[in-house]
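Dropping entry07.cif in here (mmCIF, C-alpha atoms and all ligand atoms):
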```
data_coords
loop_
_atom_site.group_PDB
_atom_site.id
_atom_site.type_symbol
_atom_site.label_atom_id
_atom_site.label_comp_id
_atom_site.auth_asym_id
_atom_site.auth_seq_id
_atom_site.Cartn_x
_atom_site.Cartn_y
_atom_site.Cartn_z
ATOM 1 C CA MET A 184 -64.369 192.841 155.493
ATOM 2 C CA PRO A 185 -61.632 192.124 152.870
ATOM 3 C CA ALA A 186 -58.792 190.033 154.232
ATOM 4 C CA ASN A 187 -55.078 190.146 153.437
ATOM 5 C CA LEU A 188 -52.851 187.180 152.809
ATOM 6 C CA GLU A 189 -49.065 187.368 152.529
ATOM 7 C CA VAL A 190 -46.250 184.807 152.446
ATOM 8 C CA LEU A 191 -42.716 185.592 153.647
ATOM 9 C CA PHE A 192 -40.121 183.448 151.931
ATOM 10 C CA ALA A 193 -36.728 184.417 153.320
ATOM 11 C CA PRO A 194 -35.151 184.240 156.788
ATOM 12 C CA ALA A 195 -33.777 187.758 156.191
ATOM 13 C CA GLU A 196 -37.351 188.893 156.734
ATOM 14 C CA PHE A 197 -37.395 187.659 160.362
ATOM 15 C CA ALA A 198 -35.542 190.809 161.423
ATOM 16 C CA VAL A 199 -38.165 192.956 159.694
ATOM 17 C CA LEU A 200 -40.926 190.995 161.420
ATOM 18 C CA ALA A 201 -39.633 191.955 164.832
ATOM 19 C CA LYS A 202 -40.152 195.646 163.898
ATOM 20 C CA ARG A 203 -43.525 195.169 162.233
ATOM 21 C CA ASP A 204 -46.764 195.735 164.150
ATOM 22 C CA LEU A 205 -48.237 192.243 164.190
ATOM 23 C CA THR A 206 -50.848 192.858 166.874
ATOM 24 C CA ARG A 207 -53.691 192.335 164.363
ATOM 25 C CA THR A 208 -51.919 189.640 162.365
ATOM 26 C CA VAL A 209 -52.197 185.864 162.614
ATOM 27 C CA CYS A 210 -48.929 184.178 161.602
ATOM 28 C CA VAL A 211 -48.495 180.568 160.537
ATOM 29 C CA VAL A 212 -44.853 179.471 160.781
ATOM 30 C CA PHE A 213 -43.599 176.620 158.592
ATOM 31 C CA ASP A 214 -40.379 174.692 159.048
ATOM 32 C CA ILE A 215 -41.618 171.406 157.729
ATOM 33 C CA LEU A 216 -38.084 169.886 157.521
ATOM 34 C CA ARG A 217 -38.200 169.574 160.442
ATOM 35 C CA ALA A 218 -38.774 171.837 163.450
ATOM 36 C CA THR A 219 -42.507 172.454 163.125
ATOM 37 C CA SER A 220 -43.190 168.827 162.128
ATOM 38 C CA THR A 221 -41.238 167.727 165.195
ATOM 39 C CA MET A 222 -43.218 170.029 167.494
ATOM 40 C CA MET A 223 -46.551 168.766 166.171
ATOM 41 C CA THR A 224 -45.382 165.167 166.588
ATOM 42 C CA ALA A 225 -44.245 165.738 170.175
ATOM 43 C CA LEU A 226 -47.567 167.389 171.058
ATOM 44 C CA ALA A 227 -49.501 164.611 169.304
ATOM 45 C CA ASN A 228 -47.563 162.139 171.460
ATOM 46 C CA GLY A 229 -48.542 163.903 174.660
ATOM 47 C CA ALA A 230 -45.793 166.475 175.293
ATOM 48 C CA ALA A 231 -47.214 169.232 177.480
ATOM 49 C CA GLU A 232 -45.427 172.070 175.703
ATOM 50 C CA MET A 233 -42.452 172.979 173.545
ATOM 51 C CA LEU A 234 -40.397 176.075 174.382
ATOM 52 C CA PRO A 235 -38.665 177.307 171.197
ATOM 53 C CA VAL A 236 -35.605 179.521 171.618
ATOM 54 C CA ALA A 237 -33.037 180.813 169.156
ATOM 55 C CA GLU A 238 -29.730 179.982 170.874
ATOM 56 C CA ILE A 239 -28.194 177.021 172.721
ATOM 57 C CA ASP A 240 -27.361 179.258 175.711
ATOM 58 C CA GLU A 241 -30.976 180.364 176.009
ATOM 59 C CA ALA A 242 -32.088 176.734 175.897
ATOM 60 C CA LEU A 243 -29.698 175.830 178.719
ATOM 61 C CA THR A 244 -30.833 178.779 180.854
ATOM 62 C CA LEU A 245 -34.505 177.919 180.399
ATOM 63 C CA HIS A 246 -33.791 174.277 181.090
ATOM 64 C CA ARG A 247 -32.107 175.160 184.416
ATOM 65 C CA GLN A 248 -35.234 177.109 185.409
ATOM 66 C CA ARG A 249 -37.536 174.163 184.631
ATOM 67 C CA PRO A 250 -36.672 171.034 186.590
ATOM 68 C CA GLY A 251 -37.910 167.995 184.685
ATOM 69 C CA ALA A 252 -37.795 169.693 181.284
ATOM 70 C CA LEU A 253 -35.968 168.005 178.407
ATOM 71 C CA LEU A 254 -33.728 169.571 175.773
ATOM 72 C CA GLY A 255 -34.177 169.121 172.028
ATOM 73 C CA GLY A 256 -32.770 170.578 168.862
ATOM 74 C CA GLU A 257 -30.078 170.570 166.248
ATOM 75 C CA ARG A 258 -27.133 172.335 164.738
ATOM 76 C CA HIS A 259 -26.166 171.288 161.188
ATOM 77 C CA GLY A 260 -29.157 168.915 161.388
ATOM 78 C CA LEU A 261 -27.654 166.830 164.204
ATOM 79 C CA ARG A 262 -28.456 166.561 167.908
ATOM 80 C CA ILE A 263 -26.659 169.164 170.002
ATOM 81 C CA THR A 264 -23.789 167.554 171.868
ATOM 82 C CA ALA A 265 -22.092 168.216 175.192
ATOM 83 C CA GLY A 266 -19.230 169.859 173.310
ATOM 84 C CA GLN A 267 -21.645 172.469 171.905
ATOM 85 C CA ALA A 268 -23.697 172.856 175.081
ATOM 86 C CA GLY A 269 -21.364 173.336 178.016
ATOM 87 C CA GLY A 270 -21.028 169.649 178.892
ATOM 88 C CA ARG A 271 -24.602 168.444 178.506
ATOM 89 C CA ASP A 272 -25.819 166.349 175.574
ATOM 90 C CA PHE A 273 -29.305 167.329 174.441
ATOM 91 C CA ASP A 274 -31.971 164.656 175.043
ATOM 92 C CA PHE A 275 -33.321 164.811 171.478
ATOM 93 C CA GLY A 276 -32.206 165.954 168.064
ATOM 94 C CA ASN A 277 -34.701 167.382 165.588
ATOM 95 C CA SER A 278 -36.062 164.157 164.138
ATOM 96 C CA PRO A 279 -39.825 163.898 164.716
ATOM 97 C CA ARG A 280 -39.440 160.124 164.965
ATOM 98 C CA GLU A 281 -37.429 160.507 168.196
ATOM 99 C CA TYR A 282 -40.308 162.233 169.993
ATOM 100 C CA THR A 283 -42.234 159.080 170.907
ATOM 101 C CA ARG A 284 -45.016 158.897 173.466
ATOM 102 C CA GLU A 285 -42.761 156.911 175.828
ATOM 103 C CA ARG A 286 -40.224 159.720 175.845
ATOM 104 C CA VAL A 287 -42.366 162.877 175.718
ATOM 105 C CA GLN A 288 -45.661 162.202 177.502
ATOM 106 C CA GLY A 289 -46.357 165.082 179.919
ATOM 107 C CA LYS A 290 -42.965 166.693 179.309
ATOM 108 C CA THR A 291 -41.874 170.264 178.670
ATOM 109 C CA ILE A 292 -39.248 170.315 175.929
ATOM 110 C CA VAL A 293 -36.968 173.305 175.401
ATOM 111 C CA MET A 294 -35.971 173.383 171.765
ATOM 112 C CA THR A 295 -33.486 175.271 169.620
ATOM 113 C CA THR A 296 -33.000 174.747 165.883
ATOM 114 C CA THR A 297 -31.233 176.659 163.148
ATOM 115 C CA ASN A 298 -34.262 178.262 161.525
ATOM 116 C CA GLY A 299 -37.626 177.090 162.829
ATOM 117 C CA THR A 300 -37.361 178.187 166.438
ATOM 118 C CA ARG A 301 -35.955 181.573 165.334
ATOM 119 C CA ALA A 302 -38.857 182.142 162.965
ATOM 120 C CA LEU A 303 -41.284 181.389 165.785
ATOM 121 C CA ARG A 304 -39.562 183.798 168.150
ATOM 122 C CA ALA A 305 -39.739 186.512 165.458
ATOM 123 C CA CYS A 306 -43.542 186.165 165.526
ATOM 124 C CA LEU A 307 -43.939 186.567 169.309
ATOM 125 C CA GLY A 308 -45.657 189.953 168.870
ATOM 126 C CA ALA A 309 -48.383 188.555 166.618
ATOM 127 C CA GLN A 310 -52.049 188.388 167.579
ATOM 128 C CA LYS A 311 -51.656 184.637 167.259
ATOM 129 C CA THR A 312 -48.972 182.345 165.832
ATOM 130 C CA LEU A 313 -49.878 178.868 164.627
ATOM 131 C CA ILE A 314 -47.574 175.964 163.860
ATOM 132 C CA GLY A 315 -47.561 175.123 160.153
ATOM 133 C CA THR A 316 -46.922 171.611 158.817
ATOM 134 C CA PHE A 317 -48.245 169.219 156.190
ATOM 135 C CA LEU A 318 -49.061 166.914 159.120
ATOM 136 C CA GLY A 319 -51.732 169.246 160.430
ATOM 137 C CA LEU A 320 -52.473 171.466 157.453
ATOM 138 C CA ARG A 321 -56.198 170.856 157.185
ATOM 139 C CA ALA A 322 -56.720 171.538 160.888
ATOM 140 C CA VAL A 323 -55.004 174.933 160.449
ATOM 141 C CA ALA A 324 -57.130 175.649 157.359
ATOM 142 C CA HIS A 325 -60.292 174.854 159.336
ATOM 143 C CA TRP A 326 -59.162 177.169 162.123
ATOM 144 C CA ILE A 327 -58.626 179.962 159.577
ATOM 145 C CA GLU A 328 -62.010 179.302 157.942
ATOM 146 C CA ARG A 329 -63.637 179.590 161.361
ATOM 147 C CA GLU A 330 -61.722 182.587 162.717
ATOM 148 C CA ARG A 331 -61.307 184.495 159.420
ATOM 149 C CA PRO A 332 -58.208 186.512 160.398
ATOM 150 C CA GLU A 333 -58.133 189.855 158.608
ATOM 151 C CA GLU A 334 -54.354 189.792 158.327
ATOM 152 C CA LEU A 335 -52.786 186.410 157.685
ATOM 153 C CA LEU A 336 -49.036 186.049 157.295
ATOM 154 C CA LEU A 337 -47.467 182.708 156.347
ATOM 155 C CA VAL A 338 -43.834 182.644 157.461
ATOM 156 C CA CYS A 339 -41.462 180.212 155.748
ATOM 157 C CA SER A 340 -38.496 179.515 158.017
ATOM 158 C CA GLY A 341 -36.119 178.665 155.188
ATOM 159 C CA THR A 342 -32.785 176.886 155.211
ATOM 160 C CA ILE A 343 -29.970 178.716 156.992
ATOM 161 C CA ASP A 344 -30.163 182.120 155.235
ATOM 162 C CA GLN A 345 -32.065 181.042 152.126
ATOM 163 C CA THR A 346 -35.627 180.510 150.983
ATOM 164 C CA SER A 347 -36.596 176.842 151.177
ATOM 165 C CA TYR A 348 -38.559 174.893 148.610
ATOM 166 C CA GLU A 349 -40.334 172.727 151.186
ATOM 167 C CA ASP A 350 -41.714 175.581 153.302
ATOM 168 C CA THR A 351 -42.790 177.435 150.151
ATOM 169 C CA LEU A 352 -44.715 174.307 149.113
ATOM 170 C CA ALA A 353 -46.413 173.957 152.484
ATOM 171 C CA ALA A 354 -47.368 177.649 152.531
ATOM 172 C CA GLY A 355 -48.705 177.209 148.989
ATOM 173 C CA ALA A 356 -50.739 174.183 150.049
ATOM 174 C CA LEU A 357 -52.326 176.242 152.827
ATOM 175 C CA CYS A 358 -52.991 179.140 150.417
ATOM 176 C CA ASP A 359 -54.720 176.654 148.161
ATOM 177 C CA LEU A 360 -57.028 175.446 150.948
ATOM 178 C CA ILE A 361 -58.026 178.934 152.089
ATOM 179 C CA TRP A 362 -58.030 180.648 148.675
ATOM 180 C CA PRO A 363 -61.829 181.070 148.624
ATOM 181 C CA ILE A 364 -61.539 183.397 151.646
ATOM 182 C CA TYR A 365 -58.521 185.454 150.596
ATOM 183 C CA SER A 366 -58.887 185.660 146.822
ATOM 184 C CA ALA A 367 -61.642 188.221 147.333
ATOM 185 C CA GLY A 368 -59.322 190.402 149.431
ATOM 186 C CA THR A 369 -55.708 191.380 148.938
ATOM 187 C CA PHE A 370 -53.155 188.679 148.419
ATOM 188 C CA SER A 371 -49.462 189.203 147.832
ATOM 189 C CA ASP A 372 -47.634 187.937 144.763
ATOM 190 C CA SER A 373 -45.738 185.664 147.166
ATOM 191 C CA ALA A 374 -49.039 183.963 148.099
ATOM 192 C CA GLN A 375 -49.837 183.476 144.425
ATOM 193 C CA ILE A 376 -46.301 182.185 143.700
ATOM 194 C CA SER A 377 -46.349 179.648 146.550
ATOM 195 C CA ARG A 378 -49.788 178.407 145.501
ATOM 196 C CA GLN A 379 -48.668 177.913 141.922
ATOM 197 C CA VAL A 380 -45.444 176.172 142.968
ATOM 198 C CA PHE A 381 -47.533 173.817 145.095
ATOM 199 C CA SER A 382 -49.911 173.103 142.221
ATOM 200 C CA PHE A 383 -46.970 171.854 140.100
ATOM 201 C CA ALA A 384 -45.554 169.689 142.910
ATOM 202 C CA ARG A 385 -48.650 168.370 144.646
ATOM 203 C CA GLY A 386 -48.682 165.029 142.790
ATOM 204 C CA ASP A 387 -45.472 163.757 144.422
ATOM 205 C CA LEU A 388 -44.200 165.866 147.286
ATOM 206 C CA LEU A 389 -41.616 163.283 148.314
ATOM 207 C CA LYS A 390 -40.024 163.313 144.873
ATOM 208 C CA VAL A 391 -39.891 167.100 144.911
ATOM 209 C CA MET A 392 -38.029 167.009 148.241
ATOM 210 C CA GLN A 393 -35.003 165.735 146.317
ATOM 211 C CA HIS A 394 -34.819 169.201 144.763
ATOM 212 C CA ALA A 395 -34.911 170.969 148.119
ATOM 213 C CA ARG A 396 -31.557 171.763 149.711
ATOM 214 C CA ASN A 397 -32.677 170.594 153.148
ATOM 215 C CA GLY A 398 -34.466 167.577 151.664
ATOM 216 C CA ARG A 399 -31.311 166.456 149.840
ATOM 217 C CA ARG A 400 -29.212 166.898 152.980
ATOM 218 C CA LEU A 401 -31.562 164.775 155.094
ATOM 219 C CA LEU A 402 -32.004 162.131 152.397
ATOM 220 C CA ALA A 403 -28.230 161.667 152.315
ATOM 221 C CA ILE A 404 -28.046 160.843 156.060
ATOM 222 C CA PRO A 405 -29.080 157.204 156.642
ATOM 223 C CA ASP A 406 -30.447 157.832 160.166
ATOM 224 C CA LEU A 407 -32.475 160.870 159.084
ATOM 225 C CA CYS A 408 -33.613 160.095 155.533
ATOM 226 C CA ASP A 409 -36.963 158.665 156.693
ATOM 227 C CA ASP A 410 -37.799 162.023 158.267
ATOM 228 C CA VAL A 411 -38.449 163.444 154.810
ATOM 229 C CA ALA A 412 -41.262 161.006 153.931
ATOM 230 C CA TYR A 413 -42.613 161.410 157.456
ATOM 231 C CA CYS A 414 -42.782 165.209 157.205
ATOM 232 C CA VAL A 415 -44.587 165.356 153.851
ATOM 233 C CA GLN A 416 -47.504 163.228 155.077
ATOM 234 C CA ARG A 417 -50.792 165.115 154.911
ATOM 235 C CA ASP A 418 -53.183 165.512 157.819
ATOM 236 C CA THR A 419 -52.009 162.889 160.255
ATOM 237 C CA VAL A 420 -52.875 165.118 163.228
ATOM 238 C CA ASP A 421 -56.206 166.808 163.810
ATOM 239 C CA PHE A 422 -55.338 169.621 166.207
ATOM 240 C CA VAL A 423 -53.904 173.114 165.949
ATOM 241 C CA ALA A 424 -50.931 174.271 168.013
ATOM 242 C CA ALA A 425 -50.045 177.867 168.793
ATOM 243 C CA LEU A 426 -47.271 179.905 170.383
ATOM 244 C CA SER A 427 -48.408 181.608 173.602
ATOM 245 C CA PRO A 428 -47.375 185.218 174.327
ATOM 246 C CA ALA A 429 -44.941 183.779 176.907
ATOM 247 C CA GLY A 430 -43.303 181.672 174.197
ATOM 248 C CA ALA A 431 -44.701 178.169 174.754
ATOM 249 C CA VAL A 432 -46.100 176.049 171.933
ATOM 250 C CA ARG A 433 -49.149 174.101 173.059
ATOM 251 C CA LYS A 434 -52.209 172.468 171.564
ATOM 252 C CA LEU A 435 -55.080 174.941 171.161
ATOM 253 C CA ASP A 436 -58.377 174.000 172.784
ATOM 254 C CA LYS A 437 -60.922 173.003 170.146
HETATM 255 C C1 LIG A 501 -34.322 174.150 161.308
HETATM 256 O O1 LIG A 501 -35.009 174.582 162.248
HETATM 257 O O2 LIG A 501 -33.466 174.834 160.758
HETATM 258 C C2 LIG A 501 -34.566 172.792 160.727
HETATM 259 O O3 LIG A 501 -35.623 172.183 161.348
HETATM 260 C C3 LIG A 501 -33.297 172.063 160.500
HETATM 261 C C4 LIG A 501 -33.364 170.554 160.532
HETATM 262 O O4 LIG A 501 -33.782 169.922 159.575
HETATM 263 O O5 LIG A 501 -33.013 169.974 161.546
#
```
Could you write out this file's structure as structure tokens?
Amino acid sequence: MPANLEVLFAPAEFAVLAKRDLTRTVCVVFDILRATSTMMTALANGAAEMLPVAEIDEALTLHRQRPGALLGGERHGLRITAGQAGGRDFDFGNSPREYTRERVQGKTIVMTTTNGTRALRACLGAQKTLIGTFLGLRAVAHWIERERPEELLLVCSGTIDQTSYEDTLAAGALCDLIWPIYSAGTFSDSAQISRQVFSFARGDLLKVMQHARNGRRLLAIPDLCDDVAYCVQRDTVDFVAALSPAGAVRKLDK
């Protein structure tokens, strides 16, 4: 059965996603700087689940319904403060390095970020939605090789309202790994573009991050600059995480 592979580059496409029938589509959502990298790190360090939501208000409501849950996320890249969240500072920002085992083991973490958590919510109607990162890229590729989804959609979360270089690269890196399956089917020009962009950049991903809007912003903030090198590491985790129909991101059973 020929399979279809498509990459969505721009956040403007999230609205279209919500209207598209995704019931036979597997989505992989990338926000490598930093929301999806942060989720994979928290799960790797023993968090029970991450609950991504679009808005601060939604995060606060969900948090009230879940005693013991923690709050994470950012606006303008920085931890959400009491002034933005009705008097309660969030427990974490969006730096993966904050989500240590000591702080997250066994915890539910409600999370809202500018792009990544919105992109995930836009994919709620999909047959399955996986979390895309460089940190766990090979594990996702193995899952795809095993499950052979007929419709595969790679969703780049972008930066605010624009396409992002870093998510395009990560989507291209995944296209590269699974190309033997999808090159015989139908692949979009966007899949081909992302794969070619990755092939130019693959030698030094960290250097290329200086050309990414979000990469430059993080590199200019002393407390956050190390996140960039952290997030472009390849295959440091060996599990796959997915969004459940109820909206929780958890590790998938092997
Ligand atoms: C987002 O979800 O927009 C990003 O992860 C932003 C950030 O780097 O914190």
**Surrounding residues as a list in words, ligand LIG 501 (chain A), max 8 Å, all atoms listed in the file** =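 Sorted by chain and then by number, the residues are Asp214, Ile215, Leu216, Arg217, Ala218, Thr219, Gly256, Glu257, Arg258, His259, Gly260, Leu261, Gly276, Asn277, Ser278, Thr295, Thr296, Thr297, Asn298, Gly299, Thr300, Arg301, Ser340, Gly341, Thr342, Ile343, Asn397 and Leu401 of chain A.
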**Request:** Using the chain letters and numbering of this document, enumerate as a ChimeraX atom specification the residues selected by the PyMOL selection byres (((chain A and resi 425) around 6) and not hetatm).
**Result:** /A:312-314,424,426,432-433
**Message:** Quick one: residues within 7 Å of Ala324 in chain A, all atoms listed in the file, excluding same-chain residues fewer than 3 positions away - as a list in words?
**Reply:** Leu320, Arg321, Ile327, Glu328, Leu357, Leu360 and Ile361 of chain A
**Request:** Go through A:Val211, A:Leu307, A:Ile364, A:Leu407 one by one, measure the shortest atom-to-atom distance of each to Glu333 in chain A using only C-alpha atoms, and give the residue with the smallest value.
**Result:**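 Of the candidates, the smallest distance to Glu333 in chain A is held by A:Ile364.
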**Request:** Tell me which protein, DNA and RNA residues are within 10 Å of Lys290 in chain A, counting only C-alpha atoms, leaving out same-chain ones fewer than 5 positions away, and put them as a list of chain:residue names.
**Result:** A:Ala225, A:Leu226, A:Gly229, A:Ala230, A:Ala231, A:Glu232, A:Met233, A:Gly251, A:Ala252, A:Leu253, A:Arg284
Range 293-302 of chain A: axis-aligned bounding box, 6 Å on each side, centre and edge lengths in Å, one decimal, as lines of an AutoDock Vina configuration file:
```
center_x = -35.0
center_y = 177.7
center_z = 168.5
size_x = 19.6
size_y = 20.8
size_z = 25.9
```
**Fill in**
note - CA of Asp372 in chain A and CA of Leu205 in chain A are separated by 19.9 Å
**Message:** Report, in Å to a single decimal, how far apart CA of Trp326 in chain A and CA of Met294 in chain A are.
**Reply:**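 Computing it gives 25.4 Å between the two atoms.
When CA of Ser220 in chain A is paired with CA of Leu191 in chain A, their separation reads 18.8 Å.
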Would you translate the PyMOL selection byres (((chain A and resi 210) around 8) and not hetatm) into the concrete set of residues it matches in this file, as a PDB file with C-alpha atoms, in the coordinates of the input?
```
ATOM      1  CA  THR A 208     -51.919 189.640 162.365  1.00  0.00           C
ATOM      2  CA  VAL A 209     -52.197 185.864 162.614  1.00  0.00           C
ATOM      3  CA  VAL A 211     -48.495 180.568 160.537  1.00  0.00           C
ATOM      4  CA  VAL A 212     -44.853 179.471 160.781  1.00  0.00           C
ATOM      5  CA  CYS A 306     -43.542 186.165 165.526  1.00  0.00           C
ATOM      6  CA  ALA A 309     -48.383 188.555 166.618  1.00  0.00           C
ATOM      7  CA  GLN A 310     -52.049 188.388 167.579  1.00  0.00           C
ATOM      8  CA  LYS A 311     -51.656 184.637 167.259  1.00  0.00           C
ATOM      9  CA  THR A 312     -48.972 182.345 165.832  1.00  0.00           C
ATOM     10  CA  LEU A 313     -49.878 178.868 164.627  1.00  0.00           C
ATOM     11  CA  LEU A 335     -52.786 186.410 157.685  1.00  0.00           C
ATOM     12  CA  LEU A 336     -49.036 186.049 157.295  1.00  0.00           C
ATOM     13  CA  LEU A 337     -47.467 182.708 156.347  1.00  0.00           C
ATOM     14  CA  VAL A 338     -43.834 182.644 157.461  1.00  0.00           C
TER      15      VAL A 338
END
```
**Asked** So which one's closest to Gly269 in chain A, A:Asp240, A:Glu196, A:Asp421, A:Asp410? Using only C-alpha atoms, please.
**Response**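 Answer, going by the shortest atom-to-atom distance: A:Asp240.
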**Prompt:** Which of these residues is nearest to Glu349 in chain A, using all atoms listed in the file: A:Arg331, A:Arg271, A:Arg304, A:Arg385?
**Reply:**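 Of the candidates, the smallest distance to Glu349 in chain A is held by A:Arg385.
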**Asked** Using all atoms listed in the file, which residue out of A:Thr283, A:Gln416, A:Ser366, A:Gln345 lies closest to Leu388 in chain A?
**Response** A:Gln416
If you apply the PyMOL selection byres (((chain A and resi 245) around 12) and not hetatm) to this file, what residues do you get, as a PDB file with C-alpha atoms, in the coordinates of the input?
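Contents of the output file expr_19.pdb:
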```pdb
ATOM      1  CA  MET A 233     -42.452 172.979 173.545  1.00  0.00           C
ATOM      2  CA  LEU A 234     -40.397 176.075 174.382  1.00  0.00           C
ATOM      3  CA  PRO A 235     -38.665 177.307 171.197  1.00  0.00           C
ATOM      4  CA  VAL A 236     -35.605 179.521 171.618  1.00  0.00           C
ATOM      5  CA  ALA A 237     -33.037 180.813 169.156  1.00  0.00           C
ATOM      6  CA  GLU A 238     -29.730 179.982 170.874  1.00  0.00           C
ATOM      7  CA  ILE A 239     -28.194 177.021 172.721  1.00  0.00           C
ATOM      8  CA  ASP A 240     -27.361 179.258 175.711  1.00  0.00           C
ATOM      9  CA  GLU A 241     -30.976 180.364 176.009  1.00  0.00           C
ATOM     10  CA  ALA A 242     -32.088 176.734 175.897  1.00  0.00           C
ATOM     11  CA  LEU A 243     -29.698 175.830 178.719  1.00  0.00           C
ATOM     12  CA  THR A 244     -30.833 178.779 180.854  1.00  0.00           C
ATOM     13  CA  HIS A 246     -33.791 174.277 181.090  1.00  0.00           C
ATOM     14  CA  ARG A 247     -32.107 175.160 184.416  1.00  0.00           C
ATOM     15  CA  GLN A 248     -35.234 177.109 185.409  1.00  0.00           C
ATOM     16  CA  ARG A 249     -37.536 174.163 184.631  1.00  0.00           C
ATOM     17  CA  PRO A 250     -36.672 171.034 186.590  1.00  0.00           C
ATOM     18  CA  GLY A 251     -37.910 167.995 184.685  1.00  0.00           C
ATOM     19  CA  ALA A 252     -37.795 169.693 181.284  1.00  0.00           C
ATOM     20  CA  LEU A 253     -35.968 168.005 178.407  1.00  0.00           C
ATOM     21  CA  LEU A 254     -33.728 169.571 175.773  1.00  0.00           C
ATOM     22  CA  THR A 291     -41.874 170.264 178.670  1.00  0.00           C
ATOM     23  CA  ILE A 292     -39.248 170.315 175.929  1.00  0.00           C
ATOM     24  CA  VAL A 293     -36.968 173.305 175.401  1.00  0.00           C
ATOM     25  CA  MET A 294     -35.971 173.383 171.765  1.00  0.00           C
ATOM     26  CA  THR A 295     -33.486 175.271 169.620  1.00  0.00           C
ATOM     27  CA  GLY A 430     -43.303 181.672 174.197  1.00  0.00           C
ATOM     28  CA  ALA A 431     -44.701 178.169 174.754  1.00  0.00           C
TER      29      ALA A 431
END
```
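For the choices A:Phe381, A:Ser347, A:Ala374, A:Thr316, the atom-to-atom distance to Arg399 in chain A is smallest for A:Ser347 when using only C-alpha atoms.
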